>>> print(open('work_21.cif').read())   # mmCIF, C-alpha atoms and all ligand atoms
data_protein
#
loop_
_atom_site.label_atom_id
_atom_site.label_comp_id
_atom_site.auth_asym_id
_atom_site.auth_seq_id
_atom_site.Cartn_x
_atom_site.Cartn_y
_atom_site.Cartn_z
CA MET A 250 -121.70 31.35 -97.87
CA GLU A 251 -120.76 33.98 -100.44
CA GLN A 252 -121.90 31.94 -103.46
CA GLN A 253 -125.52 31.97 -102.39
CA GLU A 254 -125.73 35.70 -101.88
CA ASN A 255 -128.00 37.27 -104.43
CA ILE A 256 -129.07 40.59 -102.91
CA PHE A 257 -126.67 43.44 -102.24
CA LEU A 258 -126.82 47.02 -101.10
CA LEU A 259 -125.92 49.21 -104.07
CA LYS A 260 -124.30 52.62 -103.86
CA GLY A 261 -124.72 54.88 -106.91
CA LYS A 262 -122.88 58.01 -107.93
CA VAL A 263 -123.99 61.64 -107.87
CA GLN A 264 -123.17 63.69 -111.00
CA HIS A 265 -122.64 67.39 -110.39
CA TYR A 266 -123.68 68.83 -113.76
CA ASP A 267 -124.32 72.55 -113.56
CA TRP A 268 -128.03 72.25 -114.40
CA GLY A 269 -128.79 70.31 -111.22
CA GLY A 270 -130.46 71.59 -108.07
CA THR A 271 -128.65 71.82 -104.74
CA ASP A 272 -131.18 70.32 -102.31
CA TYR A 273 -133.28 67.49 -103.74
CA LEU A 274 -130.65 64.76 -104.14
CA PRO A 275 -128.79 65.60 -100.88
CA GLU A 276 -132.09 65.36 -98.98
CA LEU A 277 -133.18 62.15 -100.77
CA LEU A 278 -129.79 60.43 -100.45
CA GLN A 279 -129.07 61.95 -97.04
CA PHE A 280 -125.72 63.58 -97.51
CA GLU A 281 -124.53 67.06 -96.58
CA ASN A 282 -124.13 69.59 -99.37
CA ASN A 283 -122.66 72.46 -97.41
CA GLY A 284 -120.87 73.92 -100.43
CA LYS A 285 -124.22 74.02 -102.31
CA GLN A 286 -122.76 72.14 -105.24
CA PRO A 287 -125.26 71.39 -108.01
CA CYS A 288 -126.41 67.76 -107.79
CA ALA A 289 -128.02 66.83 -111.11
CA GLU A 290 -128.16 63.05 -111.41
CA TYR A 291 -127.79 59.95 -109.27
CA TRP A 292 -126.60 57.00 -111.39
CA MET A 293 -127.33 53.38 -110.59
CA GLY A 294 -125.82 50.88 -113.01
CA ALA A 295 -122.61 49.59 -114.50
CA HIS A 296 -121.60 52.44 -116.82
CA ALA A 297 -117.80 52.44 -116.99
CA SER A 298 -117.52 56.18 -116.28
CA ALA A 299 -119.43 55.94 -112.98
CA PRO A 300 -120.11 52.33 -111.97
CA SER A 301 -122.22 51.66 -108.90
CA ILE A 302 -120.65 49.87 -105.94
CA LEU A 303 -122.05 46.65 -104.49
CA ILE A 304 -121.40 45.88 -100.85
CA CYS A 305 -120.27 42.21 -100.84
CA ASN A 306 -119.33 40.86 -97.40
CA SER A 307 -118.66 44.43 -96.28
CA GLU A 308 -116.27 44.84 -99.21
CA GLU A 309 -116.99 47.49 -101.88
CA ARG A 310 -116.88 46.18 -105.45
CA PRO A 311 -117.64 48.11 -108.70
CA LEU A 312 -120.60 46.55 -110.52
CA ASN A 313 -118.98 46.72 -113.98
CA GLU A 314 -116.04 44.66 -112.70
CA LEU A 315 -118.28 42.09 -111.05
CA ILE A 316 -120.22 41.71 -114.31
CA LYS A 317 -117.02 41.43 -116.36
CA ASN A 318 -115.59 38.75 -114.08
CA ASP A 319 -118.78 36.68 -113.84
CA PRO A 320 -121.45 37.79 -116.34
CA GLY A 321 -123.48 34.61 -115.89
CA LYS A 322 -123.91 35.31 -112.18
CA PHE A 323 -124.39 39.07 -112.34
CA ILE A 324 -126.51 39.69 -115.47
CA GLY A 325 -127.43 36.16 -116.60
CA LYS A 326 -126.55 34.24 -119.73
CA LYS A 327 -129.40 35.54 -121.93
CA VAL A 328 -128.65 39.22 -121.27
CA GLN A 329 -124.92 38.60 -121.68
CA GLU A 330 -125.49 37.01 -125.09
CA ARG A 331 -127.88 39.69 -126.30
CA PHE A 332 -126.27 42.85 -124.89
CA GLY A 333 -122.83 41.89 -123.56
CA GLU A 334 -123.41 44.23 -120.59
CA LEU A 335 -126.09 45.52 -118.23
CA PRO A 336 -128.29 47.16 -120.90
CA TYR A 337 -129.76 49.93 -118.73
CA LEU A 338 -128.79 52.82 -116.51
CA LEU A 339 -131.18 53.97 -113.76
CA LYS A 340 -131.05 57.60 -112.64
CA ILE A 341 -132.74 60.09 -110.36
CA LEU A 342 -132.70 63.58 -111.88
CA ASP A 343 -133.16 67.03 -110.34
CA VAL A 344 -133.53 69.49 -113.22
CA LYS A 345 -133.17 73.09 -112.09
CA LYS A 346 -131.84 74.67 -115.30
CA MET A 347 -133.08 73.59 -118.73
CA LEU A 348 -131.17 70.89 -120.55
CA SER A 349 -130.16 70.93 -124.23
CA ILE A 350 -132.72 70.13 -126.91
CA GLN A 351 -131.70 66.69 -128.03
CA VAL A 352 -132.32 63.73 -130.29
CA HIS A 353 -130.94 60.22 -129.90
CA PRO A 354 -130.07 58.01 -132.90
CA THR A 355 -131.37 54.52 -133.64
CA LYS A 356 -129.06 51.60 -132.90
CA SER A 357 -128.02 51.12 -136.53
CA GLU A 358 -127.45 54.88 -137.02
CA ALA A 359 -125.36 54.98 -133.84
CA GLU A 360 -123.20 52.13 -135.14
CA LYS A 361 -122.63 53.91 -138.47
CA GLY A 362 -122.03 57.29 -136.83
CA PHE A 363 -119.61 55.92 -134.25
CA ASP A 364 -117.60 54.04 -136.86
CA ALA A 365 -117.45 57.12 -139.12
CA GLU A 366 -116.14 59.36 -136.30
CA GLU A 367 -113.62 56.71 -135.26
CA LYS A 368 -112.39 56.57 -138.87
CA LYS A 369 -112.14 60.36 -138.99
CA GLY A 370 -110.09 60.26 -135.78
CA THR A 371 -112.29 62.62 -133.68
CA PRO A 372 -111.33 61.85 -130.05
CA VAL A 373 -114.21 60.28 -128.14
CA ASN A 374 -114.15 63.01 -125.47
CA ALA A 375 -113.90 65.93 -127.96
CA ALA A 376 -116.61 68.63 -127.62
CA ASN A 377 -117.58 68.16 -131.29
CA ARG A 378 -117.90 64.39 -131.07
CA ASN A 379 -121.51 63.20 -131.61
CA TYR A 380 -121.26 59.43 -131.08
CA LYS A 381 -119.66 58.21 -127.86
CA ASP A 382 -120.63 54.55 -128.35
CA ARG A 383 -122.42 52.23 -130.79
CA ASN A 384 -125.70 52.08 -128.89
CA HIS A 385 -129.14 53.70 -129.09
CA LYS A 386 -130.45 55.69 -126.12
CA PRO A 387 -134.19 55.33 -125.64
CA GLU A 388 -135.37 56.82 -122.34
CA VAL A 389 -138.35 56.49 -120.04
CA MET A 390 -139.03 58.83 -117.14
CA ILE A 391 -141.50 58.82 -114.28
CA ALA A 392 -142.17 62.21 -112.75
CA LEU A 393 -141.38 62.54 -109.03
CA SER A 394 -142.77 66.07 -108.95
CA GLU A 395 -144.68 68.17 -111.44
CA PHE A 396 -142.22 67.79 -114.34
CA TRP A 397 -141.91 69.99 -117.44
CA LEU A 398 -140.35 69.04 -120.75
CA LEU A 399 -140.32 69.73 -124.47
CA HIS A 400 -141.45 66.55 -126.22
CA GLY A 401 -141.75 66.11 -130.02
CA PHE A 402 -143.00 68.54 -132.66
CA LYS A 403 -146.48 70.00 -132.41
CA THR A 404 -148.96 68.89 -135.07
CA GLU A 405 -148.87 70.89 -138.34
CA GLU A 406 -152.15 72.51 -137.41
CA LYS A 407 -150.72 73.80 -134.14
CA ILE A 408 -147.49 75.01 -135.76
CA ALA A 409 -149.54 76.93 -138.34
CA GLN A 410 -151.40 78.53 -135.45
CA VAL A 411 -148.13 79.55 -133.72
CA LEU A 412 -146.74 81.07 -136.92
CA ASN A 413 -149.94 83.05 -137.26
CA GLU A 414 -150.16 84.21 -133.64
CA VAL A 415 -146.52 85.26 -133.19
CA GLU A 416 -145.88 88.26 -135.38
CA ALA A 417 -142.12 87.72 -135.50
CA PHE A 418 -142.73 84.38 -137.23
CA HIS A 419 -144.89 85.73 -140.07
CA PRO A 420 -141.93 85.60 -142.53
CA LEU A 421 -141.78 81.83 -141.89
CA GLN A 422 -145.36 81.13 -142.94
CA ASN A 423 -144.64 80.60 -146.63
CA ILE A 424 -141.71 78.28 -145.97
CA PHE A 425 -143.93 76.19 -143.70
CA LYS A 426 -146.76 76.10 -146.27
CA GLU A 427 -144.36 74.92 -148.97
CA LYS A 428 -142.07 72.61 -147.05
CA GLY A 429 -143.86 71.56 -143.88
CA THR A 430 -142.32 71.06 -140.43
CA LYS A 431 -139.02 69.65 -141.63
CA GLY A 432 -138.47 72.52 -144.09
CA LEU A 433 -139.40 75.06 -141.41
CA TYR A 434 -137.05 73.58 -138.80
CA GLN A 435 -134.21 73.19 -141.27
CA HIS A 436 -134.68 76.82 -142.33
CA VAL A 437 -134.44 78.23 -138.80
CA MET A 438 -131.60 75.92 -137.74
CA GLU A 439 -129.55 76.90 -140.82
CA MET A 440 -130.41 80.61 -140.56
CA PRO A 441 -127.33 82.86 -140.14
CA GLN A 442 -127.04 84.20 -136.58
CA ASN A 443 -127.62 87.86 -137.60
CA GLU A 444 -130.95 86.90 -139.21
CA VAL A 445 -131.91 84.90 -136.12
CA ASN A 446 -131.19 87.96 -133.99
CA THR A 447 -133.23 90.22 -136.29
CA MET A 448 -136.20 87.87 -136.21
CA LEU A 449 -136.16 87.06 -132.49
CA LEU A 450 -134.91 90.27 -130.84
CA PRO A 451 -138.21 92.21 -130.83
CA LEU A 452 -140.05 89.09 -129.66
CA VAL A 453 -137.58 88.37 -126.86
CA LYS A 454 -137.46 92.01 -125.72
CA ASN A 455 -141.21 92.07 -125.49
CA ILE A 456 -141.27 88.80 -123.52
CA LEU A 457 -138.59 89.98 -121.10
CA SER A 458 -140.50 93.16 -120.34
CA ASN A 459 -143.54 91.32 -118.92
CA LYS A 460 -143.54 88.76 -116.15
CA ALA A 461 -144.80 85.39 -117.46
CA SER A 462 -146.03 82.78 -115.00
CA ASP A 463 -147.88 80.22 -117.16
CA LYS A 464 -145.52 77.26 -117.59
CA SER A 465 -147.61 75.84 -120.44
CA LYS A 466 -146.63 78.86 -122.58
CA PRO A 467 -143.29 79.51 -124.39
CA GLU A 468 -142.91 82.94 -122.79
CA TYR A 469 -142.29 81.44 -119.35
CA TRP A 470 -139.42 79.26 -120.61
CA ILE A 471 -137.83 82.05 -122.62
CA GLN A 472 -137.72 84.18 -119.49
CA LYS A 473 -136.20 81.26 -117.62
CA LEU A 474 -133.57 80.81 -120.35
CA PHE A 475 -132.42 84.41 -119.94
CA ALA A 476 -132.63 84.32 -116.16
CA GLU A 477 -130.39 81.23 -116.14
CA ASN A 478 -127.83 82.78 -118.44
CA LYS A 479 -127.96 85.91 -116.25
CA SER A 480 -128.04 88.14 -119.33
CA GLU A 481 -129.57 91.60 -118.97
CA GLU A 482 -129.42 92.33 -122.70
CA PRO A 483 -130.15 89.59 -125.22
CA GLY A 484 -126.99 89.14 -127.29
CA ASP A 485 -126.83 86.40 -129.91
CA LEU A 486 -130.13 84.61 -129.61
CA ASP A 487 -130.32 80.85 -129.11
CA LYS A 488 -132.00 78.97 -131.98
CA GLY A 489 -133.48 76.71 -129.32
CA ILE A 490 -136.06 79.51 -128.83
CA PHE A 491 -137.74 78.37 -132.07
CA SER A 492 -138.05 74.87 -130.62
CA ILE A 493 -139.79 76.19 -127.51
CA TYR A 494 -142.53 77.36 -129.90
CA PHE A 495 -142.53 74.41 -132.34
CA PHE A 496 -142.31 71.54 -129.82
CA ASN A 497 -144.98 70.39 -127.40
CA ILE A 498 -144.56 71.83 -123.91
CA VAL A 499 -145.59 68.94 -121.65
CA LYS A 500 -146.39 68.75 -117.97
CA ALA A 501 -146.04 65.27 -116.47
CA GLU A 502 -147.87 64.99 -113.17
CA LYS A 503 -146.19 63.12 -110.33
CA GLY A 504 -146.32 59.37 -111.14
CA GLU A 505 -146.84 59.83 -114.90
CA ALA A 506 -144.39 58.14 -117.27
CA ILE A 507 -143.15 59.43 -120.62
CA PHE A 508 -141.19 57.39 -123.15
CA GLN A 509 -138.82 58.97 -125.69
CA GLY A 510 -137.58 56.73 -128.46
CA ALA A 511 -135.03 57.29 -131.23
CA GLY A 512 -135.56 60.43 -133.30
CA LEU A 513 -138.00 62.17 -130.96
CA PRO A 514 -136.68 65.66 -130.13
CA HIS A 515 -136.96 66.60 -126.45
CA ALA A 516 -135.55 68.71 -123.63
CA TYR A 517 -136.07 68.50 -119.89
CA LEU A 518 -137.07 71.88 -118.51
CA GLU A 519 -137.76 71.56 -114.77
CA GLY A 520 -138.54 69.12 -111.97
CA GLN A 521 -137.48 65.76 -110.56
CA ASN A 522 -137.84 62.35 -112.14
CA VAL A 523 -136.64 58.79 -112.10
CA GLU A 524 -135.19 57.99 -115.50
CA LEU A 525 -134.21 54.71 -117.09
CA MET A 526 -132.27 54.55 -120.32
CA ALA A 527 -130.16 52.32 -122.50
CA ASN A 528 -126.48 52.31 -121.58
CA SER A 529 -125.36 55.00 -124.04
CA ASP A 530 -124.21 58.59 -124.25
CA ASN A 531 -125.23 59.38 -127.86
CA VAL A 532 -126.80 62.84 -127.94
CA LEU A 533 -127.36 65.15 -130.95
CA ARG A 534 -128.12 68.62 -129.62
CA GLY A 535 -130.22 71.52 -130.88
CA GLY A 536 -129.66 74.46 -128.52
CA LEU A 537 -130.79 75.99 -125.19
CA THR A 538 -127.32 75.40 -123.71
CA SER A 539 -123.81 76.29 -124.82
CA LYS A 540 -123.10 72.72 -125.93
CA TYR A 541 -122.03 71.73 -129.45
CA VAL A 542 -124.73 71.69 -132.18
CA ASP A 543 -124.20 69.73 -135.41
CA VAL A 544 -127.20 70.85 -137.47
CA PRO A 545 -126.92 68.42 -140.45
CA GLU A 546 -126.45 65.46 -138.12
CA LEU A 547 -129.34 66.63 -135.91
CA LEU A 548 -131.68 67.01 -138.92
CA LYS A 549 -130.73 63.58 -140.23
CA HIS A 550 -131.93 61.84 -137.06
CA THR A 551 -134.94 63.97 -136.07
CA SER A 552 -138.52 62.81 -136.46
CA PHE A 553 -140.59 65.75 -137.76
CA GLU A 554 -143.92 64.07 -137.37
CA GLY A 555 -146.25 66.12 -135.22
CA ILE A 556 -147.39 64.31 -132.10
CA VAL A 557 -149.96 64.62 -129.37
CA PRO A 558 -148.01 63.69 -126.21
CA LYS A 559 -149.34 60.75 -124.22
CA ALA A 560 -148.30 59.30 -120.88
CA LEU A 561 -147.23 55.66 -120.94
CA GLN A 562 -150.01 53.48 -119.50
CA PRO A 563 -148.87 50.99 -116.85
CA GLN A 564 -150.00 47.42 -116.49
CA LEU A 565 -151.35 46.90 -112.98
CA ASN A 566 -150.36 43.84 -111.00
CA LYS A 567 -151.54 44.17 -107.38
CA ASN A 568 -148.90 46.38 -105.74
CA GLU A 569 -146.85 46.80 -108.88
CA LYS A 570 -147.41 49.27 -111.75
CA ILE A 571 -145.36 47.94 -114.65
CA PHE A 572 -144.32 50.35 -117.38
CA ASN A 573 -143.38 48.20 -120.37
CA CYS A 574 -141.37 50.12 -122.95
CA PRO A 575 -141.21 49.46 -126.71
CA VAL A 576 -137.50 48.46 -126.50
CA PRO A 577 -135.77 45.21 -125.46
CA ASP A 578 -133.27 46.96 -123.16
CA PHE A 579 -135.36 47.84 -120.12
CA GLY A 580 -138.63 48.26 -118.29
CA ILE A 581 -139.48 49.98 -115.03
CA SER A 582 -142.08 49.42 -112.36
CA GLU A 583 -143.36 51.26 -109.32
CA ILE A 584 -144.07 49.12 -106.26
CA THR A 585 -146.26 50.57 -103.51
CA LEU A 586 -146.65 48.71 -100.22
CA GLY A 587 -148.64 49.57 -97.11
CA GLU A 588 -147.29 48.87 -93.61
CA ASN A 589 -146.24 45.20 -93.21
CA GLU A 590 -147.37 44.44 -96.73
CA THR A 591 -145.20 42.03 -98.75
CA ILE A 592 -144.71 41.44 -102.45
CA GLN A 593 -143.14 38.26 -103.84
CA LEU A 594 -141.09 38.69 -107.00
CA GLN A 595 -138.67 36.89 -109.28
CA THR A 596 -135.86 38.43 -111.32
CA GLY A 597 -134.98 37.78 -114.94
CA SER A 598 -131.70 39.66 -115.20
CA LEU A 599 -130.01 41.92 -112.66
CA GLU A 600 -132.66 44.19 -111.18
CA ILE A 601 -132.09 47.40 -109.25
CA LEU A 602 -134.52 48.54 -106.57
CA PHE A 603 -134.53 52.16 -105.47
CA VAL A 604 -136.45 53.15 -102.34
CA LEU A 605 -138.13 56.51 -102.87
CA GLU A 606 -140.35 56.45 -99.78
CA GLY A 607 -140.46 54.41 -96.60
CA ASP A 608 -138.48 51.63 -95.11
CA ILE A 609 -138.25 48.12 -96.58
CA THR A 610 -136.75 44.70 -96.02
CA VAL A 611 -135.66 42.64 -99.01
CA GLU A 612 -135.28 38.91 -98.41
CA SER A 613 -134.00 36.11 -100.59
CA GLY A 614 -133.11 32.67 -99.25
CA SER A 615 -131.43 33.27 -95.92
CA LYS A 616 -130.24 36.77 -96.77
CA LYS A 617 -132.06 39.84 -95.58
CA ILE A 618 -131.25 43.49 -96.22
CA ASP A 619 -132.94 46.60 -94.83
CA ALA A 620 -133.15 49.68 -97.00
CA LYS A 621 -134.69 53.07 -96.35
CA ARG A 622 -135.56 56.11 -98.44
CA GLY A 623 -132.66 56.94 -100.79
CA GLU A 624 -131.09 53.48 -100.67
CA ALA A 625 -130.82 50.92 -103.48
CA ILE A 626 -130.53 47.16 -103.71
CA ALA A 627 -129.30 44.95 -106.55
CA VAL A 628 -130.96 41.55 -106.99
CA LEU A 629 -129.12 38.99 -109.12
CA PRO A 630 -130.71 37.09 -112.04
CA ALA A 631 -133.05 34.14 -111.42
CA SER A 632 -133.69 35.03 -107.77
CA ASP A 633 -136.91 34.63 -105.83
CA PHE A 634 -137.18 37.52 -103.42
CA ARG A 635 -139.70 39.46 -101.42
CA ILE A 636 -140.03 43.04 -100.34
CA THR A 637 -141.80 44.02 -97.13
CA SER A 638 -142.66 47.55 -96.10
CA LYS A 639 -141.63 47.92 -92.45
CA THR A 640 -143.19 51.22 -91.46
CA GLY A 641 -146.01 52.98 -93.27
CA ASN A 642 -146.20 53.29 -97.01
CA SER A 643 -143.17 52.43 -99.11
CA VAL A 644 -142.56 53.29 -102.76
CA VAL A 645 -139.88 51.40 -104.66
CA TYR A 646 -138.80 51.75 -108.30
CA LYS A 647 -137.54 48.60 -109.98
CA ALA A 648 -135.44 48.55 -113.16
CA PHE A 649 -135.44 45.30 -115.10
CA VAL A 650 -134.66 43.72 -118.47
CA PRO A 651 -137.89 42.43 -120.04
ZN ZN B 701 -132.56 62.50 -124.00
#
>>> encode(input="work_21.cif", output="structure tokens", more="lines below")
Ligand SMILES: [Zn+2]
Amino acid sequence: MEQQENIFLLKGKVQHYDWGGTDYLPELLQFENNGKQPCAEYWMGAHASAPSILICNSEERPLNELIKNDPGKFIGKKVQERFGELPYLLKILDVKKMLSIQVHPTKSEAEKGFDAEEKKGTPVNAANRNYKDRNHKPEVMIALSEFWLLHGFKTEEKIAQVLNEVEAFHPLQNIFKEKGTKGLYQHVMEMPQNEVNTMLLPLVKNILSNKASDKSKPEYWIQKLFAENKSEEPGDLDKGIFSIYFFNIVKAEKGEAIFQGAGLPHAYLEGQNVELMANSDNVLRGGLTSKYVDVPELLKHTSFEGIVPKALQPQLNKNEKIFNCPVPDFGISEITLGENETIQLQTGSLEILFVLEGDITVESGSKKIDAKRGEAIAVLPASDFRITSKTGNSVVYKAFVP
């Protein structure tokens, strides 16, 4: 009775970016990593470059193809009309090395930027291409460990304090007084490399000569930056170092959620998380890695407003903590069940369940699927289904379209 099937085992894809750790994802997903390859991200969704596989009657079918052939069945009419695709991508991340400082454009800016680069003829896979698609890329993450990130500019008061405390930055004080955060950031990002080196070299040398262990302080991350690049002697210094001082350094405790909307500068520094984002690859970078930096384009899309970082507060519904996000593309919830406990749910669009802990059974109609830690299940739109924890506590993350 294939037509009535509405729950499927889903197999995602591991991405081996060089910043990933070697152990977390292999242990979680239970595969061997004898060659100690970096395993950075596990993707669950319908992105054309790495679509997930659904197991349908023991046949393996790519999710993007299934959606293309029958969007009404696989994502539902409403989502098809509004987005034309599955609007989200669910990931598990293991961040060992720091990622690039980055900003994502708004939807309308992404459309303009994409069209302009198409017109110019920059190939979509070129290193200097900014816009890979016409979509925005808001992101929400829930920490699976203690997780560290750079998140938005500090308030003006705090930046003034940094410029005062760090001697190397004293020459920047007047620029900041006259032009504020935007003027300050623009100044350092446009500074010729030899001036950057002159300003930062004494600071960096000093930092590298003492062991720093406080992760809430810039010194720790600057040491990590040099340790990762395996450089004994600082050569040309990365302008991202300024951002380590000017941005908020945030620790998300396990279970805390952080949302990053268009324009908010950020960089993941260390830890594991579950991340949900719009289906896009539009990233404007600002240093900390060797990737392409387009300063004018970065400045155009960055929000310079100082912020005090806040975790996203969930709405509690019995066993489900629902993190609603200020975007129409996605929401995420965390479902916790004790032994033999059941939760009854209903889908709007296609929902993806990822089992982080425990052992569950998902049932809908006459179909029943077992899934354990590291496994994922796709539930089709307009389905009534229930999840039961078989042994002990189970923790499940659920991605949905609001
Ligand atoms: Zn991002």
>>> closest_residue(input="work_21.cif", among="A:Tyr541, A:Tyr273, A:Phe508, A:Tyr517", to="A:Phe572", atoms="only C-alpha atoms")
A:Phe508
>>> residues_around(input="work_21.cif", residues="A:Glu254", least_positions_apart="5", cutoff="12 Å", atoms="only C-alpha atoms", output="PDB file with C-alpha atoms, in the frame of the given file")
ATOM      1  CA  LEU A 303    -122.050  46.650-104.490  1.00  0.00           C
ATOM      2  CA  ILE A 304    -121.400  45.880-100.850  1.00  0.00           C
ATOM      3  CA  CYS A 305    -120.270  42.210-100.840  1.00  0.00           C
ATOM      4  CA  ASN A 306    -119.330  40.860 -97.400  1.00  0.00           C
ATOM      5  CA  LYS A 322    -123.910  35.310-112.180  1.00  0.00           C
ATOM      6  CA  PHE A 323    -124.390  39.070-112.340  1.00  0.00           C
ATOM      7  CA  GLU A 612    -135.280  38.910 -98.410  1.00  0.00           C
ATOM      8  CA  SER A 613    -134.000  36.110-100.590  1.00  0.00           C
ATOM      9  CA  GLY A 614    -133.110  32.670 -99.250  1.00  0.00           C
ATOM     10  CA  SER A 615    -131.430  33.270 -95.920  1.00  0.00           C
ATOM     11  CA  LYS A 616    -130.240  36.770 -96.770  1.00  0.00           C
ATOM     12  CA  LYS A 617    -132.060  39.840 -95.580  1.00  0.00           C
ATOM     13  CA  ILE A 618    -131.250  43.490 -96.220  1.00  0.00           C
ATOM     14  CA  ALA A 627    -129.300  44.950-106.550  1.00  0.00           C
ATOM     15  CA  VAL A 628    -130.960  41.550-106.990  1.00  0.00           C
ATOM     16  CA  LEU A 629    -129.120  38.990-109.120  1.00  0.00           C
ATOM     17  CA  PRO A 630    -130.710  37.090-112.040  1.00  0.00           C
ATOM     18  CA  SER A 632    -133.690  35.030-107.770  1.00  0.00           C
ATOM     19  CA  ASP A 633    -136.910  34.630-105.830  1.00  0.00           C
ATOM     20  CA  PHE A 634    -137.180  37.520-103.420  1.00  0.00           C
TER      21      PHE A 634
END
>>> residues_near_point(input="work_21.cif", point="(-126.5, 59.4, -108.7)", cutoff="10 Å", atoms="all atoms listed in the file", output="list in words")
Lys260, Gly261, Lys262, Val263, Gln264, His265, Leu274, Leu278, Cys288, Ala289, Glu290, Tyr291, Trp292, Met293, Gly294, Ala299, Ser301, Leu339, Lys340, Ile341 and Leu342 of chain A
>>> closest_residue(input="work_21.cif", among="A:Gln422, A:Ser529, A:Gln595, A:Ser462", to="ligand ZN 701 (chain B)", atoms="all atoms listed in the file")
A:Ser529
>>> residues_around(input="work_21.cif", residues="A:Leu449", least_positions_apart="6", cutoff="9 Å", atoms="all atoms listed in the file", output="VMD selection string")
chain A and resid 417 to 418 486 490 to 491
>>> closest_residue(input="work_21.cif", among="A:Val411, A:Ala392, A:Ala516, A:Leu259", to="ligand ZN 701 (chain B)", atoms="only C-alpha atoms and all ligand atoms")
A:Ala516
>>> atom_distance(input="work_21.cif", atom1="atom CA of A:Leu398", atom2="atom CA of A:Lys428")
26.6 Å
>>> closest_atom_pairs(input="work_21.cif", of="chain A", to="ligand ZN 701 (chain B)", cutoff="9 Å", atoms="all atoms listed in the file", output="CSV")
residue,atom,partner,partner_atom,distance
A:Ser349,CA,B:ZN701,ZN,8.8
A:Ile350,CA,B:ZN701,ZN,8.2
A:Gln351,CA,B:ZN701,ZN,5.9
A:Val352,CA,B:ZN701,ZN,6.4
A:His353,CA,B:ZN701,ZN,6.5
A:Lys386,CA,B:ZN701,ZN,7.4
A:Pro387,CA,B:ZN701,ZN,7.5
A:Glu388,CA,B:ZN701,ZN,6.6
A:Gln509,CA,B:ZN701,ZN,7.4
A:Gly510,CA,B:ZN701,ZN,8.9
A:Leu513,CA,B:ZN701,ZN,8.8
A:Pro514,CA,B:ZN701,ZN,8.0
A:His515,CA,B:ZN701,ZN,6.5
A:Ala516,CA,B:ZN701,ZN,6.9
A:Tyr517,CA,B:ZN701,ZN,8.1
A:Met526,CA,B:ZN701,ZN,8.8
A:Asn531,CA,B:ZN701,ZN,8.9
A:Val532,CA,B:ZN701,ZN,7.0
>>> atom_distance(input="work_21.cif", atom1="atom CA of A:Asp343", atom2="atom CA of A:Gln521")
4.5 Å
>>> closest_residue(input="work_21.cif", among="A:Ala511, A:Leu399, A:Ala620, A:Ala527", to="A:Val604", atoms="only C-alpha atoms")
A:Ala620
>>> residues_near_point(input="work_21.cif", point="(-136.9, 86.9, -126.3)", cutoff="9 Å", atoms="only C-alpha atoms", output="list in words")
Leu449, Leu450, Pro451, Leu452, Val453, Lys454, Asn455, Ile456, Leu457, Glu468, Ile471, Gln472, Phe475, Pro483, Leu486 and Ile490 of chain A
>>> closest_residue(input="work_21.cif", among="A:Gly333, A:Gly484, A:Gly580, A:Pro441", to="A:Met390", atoms="only C-alpha atoms")
A:Gly580
